[in-house]
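One structure is given here, and the rest of the page talks about it.
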Amino acid sequence: MSPAATEKILTRNFGRPDSHTLKAYLETGGYTALPKALTMEPPAIIDAVKRSNLRGLGGAGFPTGTKWSFIPKGHTGPVYLVINADEGEPGTFKDRYLLERDPHALIEGMLIAARAIGSTLAFVYIRGEYVESWRHVSAAVGEAYEAGYLGRGLDVVVHRGAGAYICGEETGLISSLEGKKGWPKLKPPFPAIKGAFGAPTIVNNVETICHVPHIINRGAEWFASLGTKTQGGTRMYSVSGRVTRPGVYETSVAVTLRQLIYEYAGGVTGNGRLKAVVPGGSSAAILTADEIDVTMDVDGLKAAGTMAGSAGVIVLDETVSIPEALMVVARFYAHESCGQCTPCRESTGWIYEMTRRIVVGRGRKADLDTILDVARRGAGTTICAFYDGAVGPYISYIEKFRAEFESLIPK
Amino acid sequence: MPVEFTREQLGEVTRLQRLYPDRGGALLPVLHLAQEVFGYISEDVEKYVGTLFDLGPAHVHEVVTFYTMYFRRPRGRHVLSVCHNLSCHLMGAQEIIAHLTSRLGIELGETTDDGRITLLTVECLCACEMAPMLQVDDRYEGHLTVEKVERLVDRLA
Ligand SMILES: Cc1cc2nc3c(=O)[nH]c(=O)nc-3n(C[C@H](O)[C@H](O)[C@H](O)COP(=O)(O)O)c2cc1C
Ligand code: SF4
Ligand code: FES
């Protein structure tokens with residue numbers, strides 16, 4: 001199957017100016033998976049999602065059905081479903097499109113997911129800056145109550161964040177939802193055992209949940225067949241930077257990075273020659289122009305030494321300074337570290353200062369090895385994956401473009 | 001201005017608190033409301049909001065200072081938040097920022113003397129397809145050029 005010919009599933013309505021309304025959703029087959037799901041027992045829903053090979057699209061790529069099955073059997077208290085709409089990974093903007101243009105798809109997915117995990121109260125945690133998304137989701141939730149989809153077994157609360165990248169990390173998000181600063185927590189316990197307000201909680205990304213109605217409607221095998229052996233479906237790629245047509249492209253997870261850049265986004269701008277690509281949001285290791293013949297599924301990018309992450313593809317042409325790009329990325333991590341863990345708090349600030357010094361021509365010969373050493377030593381030692389997400393760029397930018405860094409360091 | 005919600009606003013606070021299994025969940029939304037009503041989150045506002053949740057001012061202060069969207073000092077009538085993360089950087093954010101600081105005669109983080117505009121840089125607003133971009137109050141504006149920013153600033157009252 002040529003990925004270029006992949007059917008649009010999540011984005012099929014985006015051309016309609018009223019795509020965010022209940023009317024548009026109903027006219028295009030909306031809320032037809034829900035009655036089907038209501039005839040299925042929860043374990044059968046979970047089984048279908050497992051067989052579909054749907055993997056979380058928020059960043060970690062964890063199999064969704066498996067995650068749902070972690071809710072303790074026989075648990076009698078409340079169980080919460082939390083939608084991670086705190087989109088913040090630099091280079092990613094696909095959830096914004098779903099929230100603004102098809103909020104009912106999210107609501108229908110939530111209704112099915114909530115049935116699967118036994119939840120009667122769900123939250124949509126929307127990043128504070130996404131005011132338009134918040135308005136559209138709130139309006140859609142209102143419509144869904146009026147039409148009787150919500151309020152009979154599931155209530156949905158739309159929650160606004162207040163500006164902090166780390167609240168995208170699921171345990172940070174839960175702390176924030178509880179009205180605290182968004183400090184991540186050590187796992188275990190995983191949220192599925194002890195999450196929001198102390199209850200078993202499933203945190204899923206917006207896009208992940210939007211796929212669920214289609215899996216129920218058209219079958220797990222159909223969904224699995226759209227992707228690779230280990231990951232089903234399409235996903236929405238955010239492509240930005242030096243390309244002719246930046247934007248969101250939905251296609252099979254088996255698409256290659258080359259196809260995304262040249263066939264979907266129309267090729268490279270700037271001087272027209274590709275220098276490097278960040279394939280999965282800024283926390284993914286950078287790839288050089290020679291490394292773009294990889295499939296964009298979770299395991300394909302892992303094998304290439306980077307990650308699918310949030311599918312945010314940032315394209316750099318040959319005129320871009322890699323040290324300057326790393327400085328910008330390092331500034332972000334220094335700013336967003338929550339400060340709980342010493343390696344993360346100290347190294348992010350310090351590495352930003354070092355890269356800045358190199359960029360302004362005041363670097364020293366030993367600096368590059370020192371950065372690599374510091375970065376490597378902290379990796380894997382922190383409470384959350386934020387710091388590993390910073391280490392990916394630190395190491396890959398320097399290792400793959402070392403000569404360019406060295407050329408800025410006075411002899 | 002006395003730091004107190006109207007009856008109607010207090011009703012909204014109660015409504016928000018009831019949405020959560022523990023009313024503490026409403027703290028961020030109530031702080032958004034407080035900022036809308038009082039303009040910014042002063043120490044007095046922190047104390048007041050704390051009383052609505054039976055929380056000490058230290059807890060509220062810790063929360064307020066953790067998030068970037070709560071202002072602890074008066075801000076301008078409009079806030080311009082220019083993204084300076086990677087995609088916007090690649091598409092010319094630097095030039096936009098330099099133009100704004102010189103045109104408005106202020107540094108990043110400052111407010112114009114007439115109280116009209118506060119200028120900030122922010123991390124990725126996740127609208128990189130329209131880079132370089134900024135947020136003006138609630139609204140995203142993208143594909144910025146110096147001319148476009150110029151017109152945008154002129155239109156702000
Ligand atoms: C630093 C950090 C930031 C994250 N930001 C987001 C985010 O903005 N949106 C998101 O859905 N997941 C984000 N995640 C991943 C979440 O922790 C979590 O894995 C995800 O929401 C689970 O949903 P999924 O299984 O459907 O992908 C982030 C993780 C880390 C470590
Ligand atoms: S790794 Fe960094 S962001 Fe994550 S908990 Fe530790 S200090 Fe906070
Ligand atoms: S880098 Fe500016 S919006 Fe993403």
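So you can find residues: chains in the structure tokens are A, B, ... in the order shown, residues in each start at 1, and ligands are numbered from 1 in order.
Residues lying within 9 Å of Ile286 of chain A, counting only C-alpha atoms and ignoring same-chain neighbours fewer than 6 positions away, are A:Ala276, A:Val277, A:Val278, A:Pro279, A:Thr306, A:Gly392, A:Pro393, A:Ser396, A:Tyr397, A:Lys400.
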Chain A residues near chain B (8 Å cut-off, only C-alpha atoms) as a PyMOL selection string: chain A and resi 87-93+96+128-129+131-132+157+159-164+176-182+197+238-242+246-248+314+316+320+325+328-329+332
Next, dump the selected residues to file, keeping only C-alpha atoms, as a compact mmCIF listing (two decimals), in the first residue's frame.
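Now in again26.txt:
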# COMPACT_ATOMS: atom_id res chain seq x y z
CA GLU A 87 0.09 19.67 23.77
CA GLY A 88 3.43 21.34 24.35
CA GLU A 89 6.15 19.37 22.62
CA PRO A 90 7.96 21.84 20.38
CA GLY A 91 7.13 21.14 16.75
CA THR A 92 3.76 19.51 17.48
CA PHE A 93 0.33 20.96 16.73
CA ARG A 96 -4.90 21.57 18.40
CA GLY A 128 -4.01 27.21 29.00
CA GLU A 129 -2.86 28.97 25.85
CA VAL A 131 -8.22 29.28 24.27
CA GLU A 132 -9.85 28.48 20.93
CA VAL A 157 -15.05 18.21 32.87
CA HIS A 159 -10.04 21.81 32.52
CA ARG A 160 -7.61 24.56 31.58
CA GLY A 161 -3.90 24.46 32.38
CA ALA A 162 -1.90 27.58 33.05
CA GLY A 163 1.35 27.36 31.15
CA ALA A 164 3.99 24.73 31.99
CA SER A 176 -1.79 19.97 38.12
CA LEU A 177 -5.34 18.68 37.68
CA GLU A 178 -5.48 18.31 41.46
CA GLY A 179 -4.68 22.01 41.84
CA LYS A 180 -0.98 21.71 42.63
CA LYS A 181 2.17 22.73 40.87
CA GLY A 182 2.79 20.24 38.08
CA PHE A 197 -7.36 12.22 43.32
CA SER A 238 2.96 18.03 12.25
CA VAL A 239 5.53 19.30 9.77
CA SER A 240 7.19 22.68 10.26
CA GLY A 241 10.40 24.58 9.73
CA ARG A 242 11.99 24.99 6.32
CA PRO A 246 4.09 23.30 6.70
CA GLY A 247 1.01 21.72 8.22
CA VAL A 248 -0.68 18.62 9.59
CA ILE A 314 10.99 19.99 12.17
CA LEU A 316 16.33 22.28 8.82
CA VAL A 320 20.59 26.65 9.41
CA ALA A 325 19.36 25.42 16.89
CA VAL A 328 17.30 27.41 21.21
CA VAL A 329 16.33 23.87 22.16
CA PHE A 332 13.62 25.52 26.25
Pick out the residues no farther than 8 Å from ligand 1, counting only C-alpha atoms and all ligand atoms, and list them as JSON, numbers by chain. {"A": [55, 56, 57, 58, 59, 60, 61, 62, 63, 64, 67, 83, 84, 85, 86, 87, 88, 89, 165, 166, 167, 168, 169, 170, 171, 203, 204, 205, 206, 207, 208, 209, 310, 384, 385, 386, 387, 389]}
Might you pull out every residue within 10 Å of segment 109-114 of chain B, with only C-alpha atoms counted and same-chain residues fewer than 3 positions away left off, and present them as a ChimeraX atom specification? /B:74-81,101,104-106,117-121
Taking C-alpha atoms for each residue, export the selection above as a compact mmCIF listing (two decimals), in the first residue's frame.
# COMPACT_ATOMS: atom_id res chain seq x y z
CA PRO B 74 0.01 44.49 36.61
CA ARG B 75 0.28 43.80 32.90
CA GLY B 76 -0.54 45.93 29.90
CA ARG B 77 -4.01 46.09 28.40
CA HIS B 78 -2.67 43.67 25.81
CA VAL B 79 -0.07 40.96 26.12
CA LEU B 80 2.06 40.00 23.15
CA SER B 81 3.70 36.61 23.63
CA THR B 101 11.39 45.72 21.28
CA LEU B 104 7.69 49.61 21.52
CA GLY B 105 10.84 50.89 23.21
CA ILE B 106 10.76 48.20 25.89
CA ILE B 117 1.32 46.46 25.74
CA THR B 118 3.31 43.89 27.68
CA LEU B 119 5.89 42.07 25.57
CA LEU B 120 7.01 38.53 26.34
CA THR B 121 8.77 35.65 24.67
Close residues to ligand 2 using only C-alpha atoms and all ligand atoms, limit 8 Å, as a list in words: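 Checking only C-alpha atoms and all ligand atoms against ligand 2 at 8 Å gives Ile166, Trp183, Pro184, Lys185, Glu336, Ser337, Cys338, Gly339, Gln340, Cys341, Thr342, Pro343, Cys344, Arg345, Thr382, Ile383, Cys384, Ala385, Phe386, Tyr387 and Asp388 of chain A.
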Write out as a VMD selection string all residues of segment 195-270 of chain A that DSSP puts in helix (DSSP H, G or I) for this structure's backbone. chain A and resid 196 to 198 206 to 218 220 to 225 257 to 264
The selected residues should be written to file as a CSV table (one decimal), in the first residue's frame (atoms: N, CA and C atoms).
chain,number,residue,atom,x,y,z
A,196,ALA,N,-5.2,10.3,39.5
A,196,ALA,CA,-5.9,11.5,39.9
A,196,ALA,C,-6.7,11.3,41.1
A,197,PHE,N,-6.6,12.2,42.1
A,197,PHE,CA,-7.4,12.2,43.3
A,197,PHE,C,-7.3,10.9,44.0
A,198,GLY,N,-6.1,10.2,43.8
A,198,GLY,CA,-5.8,8.9,44.5
A,198,GLY,C,-6.5,7.7,43.8
A,206,VAL,N,-5.1,13.1,23.1
A,206,VAL,CA,-6.2,13.4,22.3
A,206,VAL,C,-6.4,12.5,21.1
A,207,GLU,N,-5.3,12.5,20.3
A,207,GLU,CA,-5.3,11.8,19.0
A,207,GLU,C,-5.5,10.3,19.3
A,208,THR,N,-4.9,9.7,20.3
A,208,THR,CA,-5.1,8.3,20.6
A,208,THR,C,-6.6,8.0,20.7
A,209,ILE,N,-7.3,8.8,21.5
A,209,ILE,CA,-8.7,8.6,21.8
A,209,ILE,C,-9.5,8.8,20.6
A,210,CYS,N,-9.2,9.7,19.8
A,210,CYS,CA,-9.9,10.0,18.6
A,210,CYS,C,-10.0,8.8,17.6
A,211,HIS,N,-9.0,8.0,17.7
A,211,HIS,CA,-8.9,6.8,16.8
A,211,HIS,C,-9.9,5.7,17.2
A,212,VAL,N,-10.3,5.7,18.5
A,212,VAL,CA,-11.1,4.6,19.1
A,212,VAL,C,-12.4,4.3,18.4
A,213,PRO,N,-13.2,5.4,18.1
A,213,PRO,CA,-14.5,5.1,17.4
A,213,PRO,C,-14.3,4.3,16.1
A,214,HIS,N,-13.3,4.7,15.4
A,214,HIS,CA,-13.0,4.0,14.1
A,214,HIS,C,-12.6,2.6,14.2
A,215,ILE,N,-11.9,2.3,15.3
A,215,ILE,CA,-11.5,0.9,15.6
A,215,ILE,C,-12.8,0.1,15.9
A,216,ILE,N,-13.7,0.6,16.6
A,216,ILE,CA,-14.9,-0.1,17.0
A,216,ILE,C,-15.8,-0.2,15.7
A,217,ASN,N,-15.9,0.8,14.9
A,217,ASN,CA,-16.7,0.8,13.7
A,217,ASN,C,-16.2,-0.1,12.6
A,218,ARG,N,-14.9,-0.1,12.4
A,218,ARG,CA,-14.4,-0.7,11.2
A,218,ARG,C,-13.5,-2.0,11.5
A,220,ALA,N,-10.7,-4.0,14.4
A,220,ALA,CA,-9.3,-4.0,14.8
A,220,ALA,C,-8.4,-4.4,13.7
A,221,GLU,N,-8.8,-5.3,12.9
A,221,GLU,CA,-7.9,-5.8,11.8
A,221,GLU,C,-7.7,-4.8,10.8
A,222,TRP,N,-8.8,-4.1,10.5
A,222,TRP,CA,-8.7,-3.0,9.5
A,222,TRP,C,-7.7,-2.0,10.0
A,223,PHE,N,-7.8,-1.6,11.3
A,223,PHE,CA,-6.9,-0.5,11.8
A,223,PHE,C,-5.5,-1.0,11.8
A,224,ALA,N,-5.3,-2.3,12.2
A,224,ALA,CA,-3.9,-2.8,12.3
A,224,ALA,C,-3.3,-2.8,10.9
A,225,SER,N,-4.1,-3.1,9.9
A,225,SER,CA,-3.6,-3.3,8.5
A,225,SER,C,-3.1,-1.9,7.9
A,257,LEU,N,10.1,9.2,6.4
A,257,LEU,CA,10.4,10.6,6.6
A,257,LEU,C,10.6,11.3,5.3
A,258,ARG,N,11.3,10.7,4.4
A,258,ARG,CA,11.5,11.3,3.1
A,258,ARG,C,10.2,11.7,2.4
A,259,GLN,N,9.2,10.7,2.4
A,259,GLN,CA,7.9,11.0,1.8
A,259,GLN,C,7.2,12.2,2.5
A,260,LEU,N,7.3,12.2,3.8
A,260,LEU,CA,6.6,13.3,4.5
A,260,LEU,C,7.2,14.6,4.1
A,261,ILE,N,8.5,14.7,4.0
A,261,ILE,CA,9.1,16.0,3.7
A,261,ILE,C,8.9,16.4,2.2
A,262,TYR,N,9.1,15.4,1.3
A,262,TYR,CA,9.1,15.8,-0.1
A,262,TYR,C,7.7,15.6,-0.7
A,263,GLU,N,6.9,14.6,-0.4
A,263,GLU,CA,5.6,14.4,-1.0
A,263,GLU,C,4.5,15.2,-0.3
A,264,TYR,N,4.5,15.2,1.0
A,264,TYR,CA,3.5,15.8,1.7
A,264,TYR,C,3.8,17.3,1.9
Could you check the closest approach to ligand 3 for each of A:Lys23, A:Lys194, A:Lys94, A:Arg364 and tell me which residue wins, using only C-alpha atoms and all ligand atoms?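 With only C-alpha atoms and all ligand atoms as the atom set, the closest residue is A:Lys94.
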From the DSSP assignment of the backbone, select every residue of segment 5-122 of chain B that is strand (DSSP E), and format the answer as a VMD selection string. chain B and resid 78 to 83 117 to 122
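Taking atom CA of Thr244 of chain A and atom CA of Thr145 of chain B as endpoints, the distance between them is 17.0 Å.
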Name all residues at most 7 Å from segment 403-408 of chain A (count only C-alpha atoms; drop same-chain ones fewer than 3 positions away) and give them as a list of chain:residue names.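 Answer for this query is A:Pro323, A:Ile358, A:Val359, A:Gly361.
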Atom CA of Gly148 of chain A and atom CA of Asp102 of chain A, how far apart in Å?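 Atom CA of Gly148 of chain A lies at a distance of 18.3 Å from atom CA of Asp102 of chain A.
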Between A:Leu372, A:Gly281, A:Gly77, A:Ala334, which one has atoms that come closest to ligand 3, using only C-alpha atoms and all ligand atoms?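 For ligand 3, the nearest of the given residues is A:Gly281.
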Identify, on the basis of only C-alpha atoms, every residue whose closest approach to segment 147-149 of chain B does not exceed 12 Å; exclude the query and any residue fewer than 5 positions from it along the same chain; express the result as JSON, numbers by chain. {"B": [80, 82, 93, 95, 96, 97, 98, 99, 100, 101, 103, 104, 132, 133, 134, 135, 136, 141, 142, 154, 155, 156]}
Give me a file of those residues, with C-alpha atoms, as a PDB file, in the first residue's frame.
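In the end it all went to part-v5.pdb:
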ATOM      1  CA  LEU B  80       2.064  40.003  23.147  1.00  0.00           C
ATOM      2  CA  VAL B  82       6.152  35.921  20.841  1.00  0.00           C
ATOM      3  CA  ALA B  93      11.280  34.963  15.233  1.00  0.00           C
ATOM      4  CA  GLU B  95      13.684  39.611  13.625  1.00  0.00           C
ATOM      5  CA  ILE B  96      10.115  39.928  14.901  1.00  0.00           C
ATOM      6  CA  ILE B  97      11.308  40.187  18.500  1.00  0.00           C
ATOM      7  CA  ALA B  98      13.979  42.743  17.626  1.00  0.00           C
ATOM      8  CA  HIS B  99      11.434  44.811  15.746  1.00  0.00           C
ATOM      9  CA  LEU B 100       8.920  44.749  18.579  1.00  0.00           C
ATOM     10  CA  THR B 101      11.393  45.720  21.276  1.00  0.00           C
ATOM     11  CA  ARG B 103       9.209  49.749  18.017  1.00  0.00           C
ATOM     12  CA  LEU B 104       7.693  49.606  21.520  1.00  0.00           C
ATOM     13  CA  PRO B 132       6.835  32.795  13.114  1.00  0.00           C
ATOM     14  CA  MET B 133       3.864  33.392  15.348  1.00  0.00           C
ATOM     15  CA  LEU B 134       2.725  35.100  18.503  1.00  0.00           C
ATOM     16  CA  GLN B 135      -0.233  35.195  20.805  1.00  0.00           C
ATOM     17  CA  VAL B 136      -1.963  38.535  21.287  1.00  0.00           C
ATOM     18  CA  GLU B 141      -1.415  35.334  14.860  1.00  0.00           C
ATOM     19  CA  GLY B 142       0.931  33.615  12.466  1.00  0.00           C
ATOM     20  CA  ASP B 154      -1.283  49.773  15.513  1.00  0.00           C
ATOM     21  CA  ARG B 155      -4.696  48.203  15.909  1.00  0.00           C
ATOM     22  CA  LEU B 156      -4.310  47.545  19.651  1.00  0.00           C
TER      23      LEU B 156
END
